[in-house]
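Engineer: Okay, so here is my_file.cif, and as you'll see once you scroll down, it has mmCIF, C-alpha atoms.
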```
data_my_file
loop_
_atom_site.label_atom_id
_atom_site.label_comp_id
_atom_site.auth_asym_id
_atom_site.auth_seq_id
_atom_site.Cartn_x
_atom_site.Cartn_y
_atom_site.Cartn_z
CA MET E 1 -21.46 -3.61 -5.44
CA THR E 2 -20.73 -5.29 -2.14
CA ASN E 3 -17.28 -6.64 -1.27
CA LYS E 4 -18.63 -10.20 -1.46
CA LEU E 5 -20.09 -9.63 -4.93
CA LEU E 6 -16.87 -7.92 -6.06
CA SER E 7 -14.88 -10.91 -4.83
CA ILE E 8 -17.15 -13.30 -6.73
CA VAL E 9 -16.79 -11.25 -9.93
CA LYS E 10 -13.00 -11.13 -9.60
CA TRP E 11 -12.64 -14.87 -8.91
CA THR E 12 -15.05 -15.77 -11.72
CA ALA E 13 -13.08 -13.55 -14.12
CA THR E 14 -9.80 -15.07 -13.00
CA ASN E 15 -11.10 -18.61 -13.45
CA LEU E 16 -12.42 -17.76 -16.92
CA LEU E 17 -9.01 -16.38 -17.93
CA VAL E 18 -7.23 -19.50 -16.67
CA ILE E 19 -9.71 -21.70 -18.57
CA SER E 20 -9.18 -19.59 -21.70
CA VAL E 21 -5.41 -20.13 -21.49
CA ALA E 22 -6.00 -23.89 -21.28
CA LEU E 23 -8.40 -23.81 -24.24
CA ASN E 24 -5.96 -21.73 -26.29
CA GLY E 25 -3.11 -24.06 -25.36
CA LEU E 26 -5.14 -27.02 -26.54
CA GLY E 27 -5.97 -25.23 -29.79
CA ILE E 28 -9.70 -25.11 -29.09
CA TYR E 29 -10.73 -22.18 -31.25
CA PRO E 30 -12.78 -20.00 -30.99
CA TRP E 31 -13.71 -20.98 -27.44
CA GLY E 32 -10.37 -19.90 -25.95
CA PRO E 33 -10.65 -16.29 -27.11
CA ILE E 34 -14.38 -16.13 -26.42
CA VAL E 35 -13.90 -17.26 -22.82
CA ALA E 36 -11.04 -14.75 -22.49
CA ILE E 37 -13.33 -11.97 -23.70
CA PHE E 38 -15.89 -12.79 -21.00
CA GLY E 39 -13.16 -12.95 -18.36
CA GLY E 40 -11.83 -9.61 -19.54
CA ILE E 41 -15.28 -8.03 -19.40
CA LEU E 42 -15.77 -9.23 -15.82
CA TRP E 43 -12.34 -7.93 -14.79
CA LEU E 44 -13.15 -4.64 -16.53
CA ILE E 45 -16.33 -4.34 -14.44
CA ALA E 46 -14.41 -5.12 -11.24
CA ALA E 47 -11.62 -2.68 -12.14
CA TRP E 48 -14.16 0.05 -12.91
CA TYR E 49 -15.80 -0.47 -9.54
CA MET E 50 -12.39 -0.35 -7.79
CA ASN E 51 -11.43 2.74 -9.87
CA ASP E 52 -8.13 1.01 -10.78
CA MET E 53 -7.01 2.71 -14.00
CA PRO E 54 -4.18 0.25 -14.90
CA LEU E 55 -6.61 -2.68 -14.61
CA ILE E 56 -9.27 -0.78 -16.53
CA MET E 57 -6.88 -0.07 -19.41
CA THR E 58 -5.42 -3.59 -19.46
CA ASN E 59 -8.80 -5.27 -19.58
CA LEU E 60 -10.38 -2.74 -21.91
CA LEU E 61 -7.56 -3.22 -24.42
CA MET E 62 -7.38 -7.00 -23.97
CA THR E 63 -11.13 -7.39 -24.44
CA SER E 64 -11.19 -5.04 -27.44
CA VAL E 65 -8.32 -6.87 -29.14
CA GLY E 66 -10.01 -10.22 -28.47
CA ILE E 67 -13.31 -9.07 -29.94
CA PHE E 68 -11.55 -7.59 -32.97
CA ALA E 69 -9.47 -10.74 -33.54
CA VAL E 70 -12.42 -13.14 -33.32
CA GLY E 71 -14.51 -10.87 -35.55
CA TYR E 72 -11.70 -10.47 -38.06
CA ASN E 73 -11.26 -14.25 -38.29
CA TYR E 74 -14.92 -14.76 -39.09
CA TRP E 75 -15.58 -11.75 -41.31
CA SER E 76 -12.43 -12.13 -43.40
CA ALA E 77 -12.97 -15.82 -44.14
#
```
Do you think you could lay out the structure here as structure tokens?

Structural biologist:
Amino acid sequence: MTNKLLSIVKWTATNLLVISVALNGLGIYPWGPIVAIFGGILWLIAAWYMNDMPLIMTNLLMTSVGIFAVGYNYWSA
């Protein structure tokens, strides 16, 4: 992955996470968590490429919890 592509992935992920916070704040469910999951996946990819273990763990856990929470809401209903 080139530095330019890495930068695009990181900025896209960051923008998705900011949008997800806005959606969650406005109570737009399930789009807030879904957008956060995609942002987390992109940050996980970037962190993996940078070999940044704290970012890898943060985004792996955040994305996993988001997927579990959205799935739990739909499968337990």

Engineer: Using the chain letters and numbering of this document, enumerate as a VMD selection string the residues selected by the PyMOL selection byres ((chain E and resi 30-42) around 7).

Structural biologist: chain E and resid 9 13 to 14 16 to 17 20 to 21 23 to 24 28 to 29 43 to 46 59 62 to 63 66 to 67

Engineer: For the PyMOL selection byres ((chain E and resi 1) around 12), applied here, can you spell out every residue it catches as a list in words?

Structural biologist: Thr2, Asn3, Lys4, Leu5, Leu6, Ser7, Ile8, Val9, Ile45, Ala46, Ala47, Trp48, Tyr49 and Met50 of chain E

Engineer: To one decimal place in Å, what is the distance between atom CA of Val70 of chain E and atom CA of Ile56 of chain E?

Structural biologist: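 Computed distance, atom CA of Val70 of chain E to atom CA of Ile56 of chain E, equals 21.1 Å.
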
Engineer: Let me have the centre and edge lengths of the axis-aligned box enclosing all listed atoms of segment 20-31 of chain E with 4 Å padding on every side, in Å to one decimal, as lines of an AutoDock Vina configuration file.

Structural biologist:
```
center_x = -8.4
center_y = -23.3
center_z = -26.3
size_x = 18.6
size_y = 15.4
size_z = 18.0
```
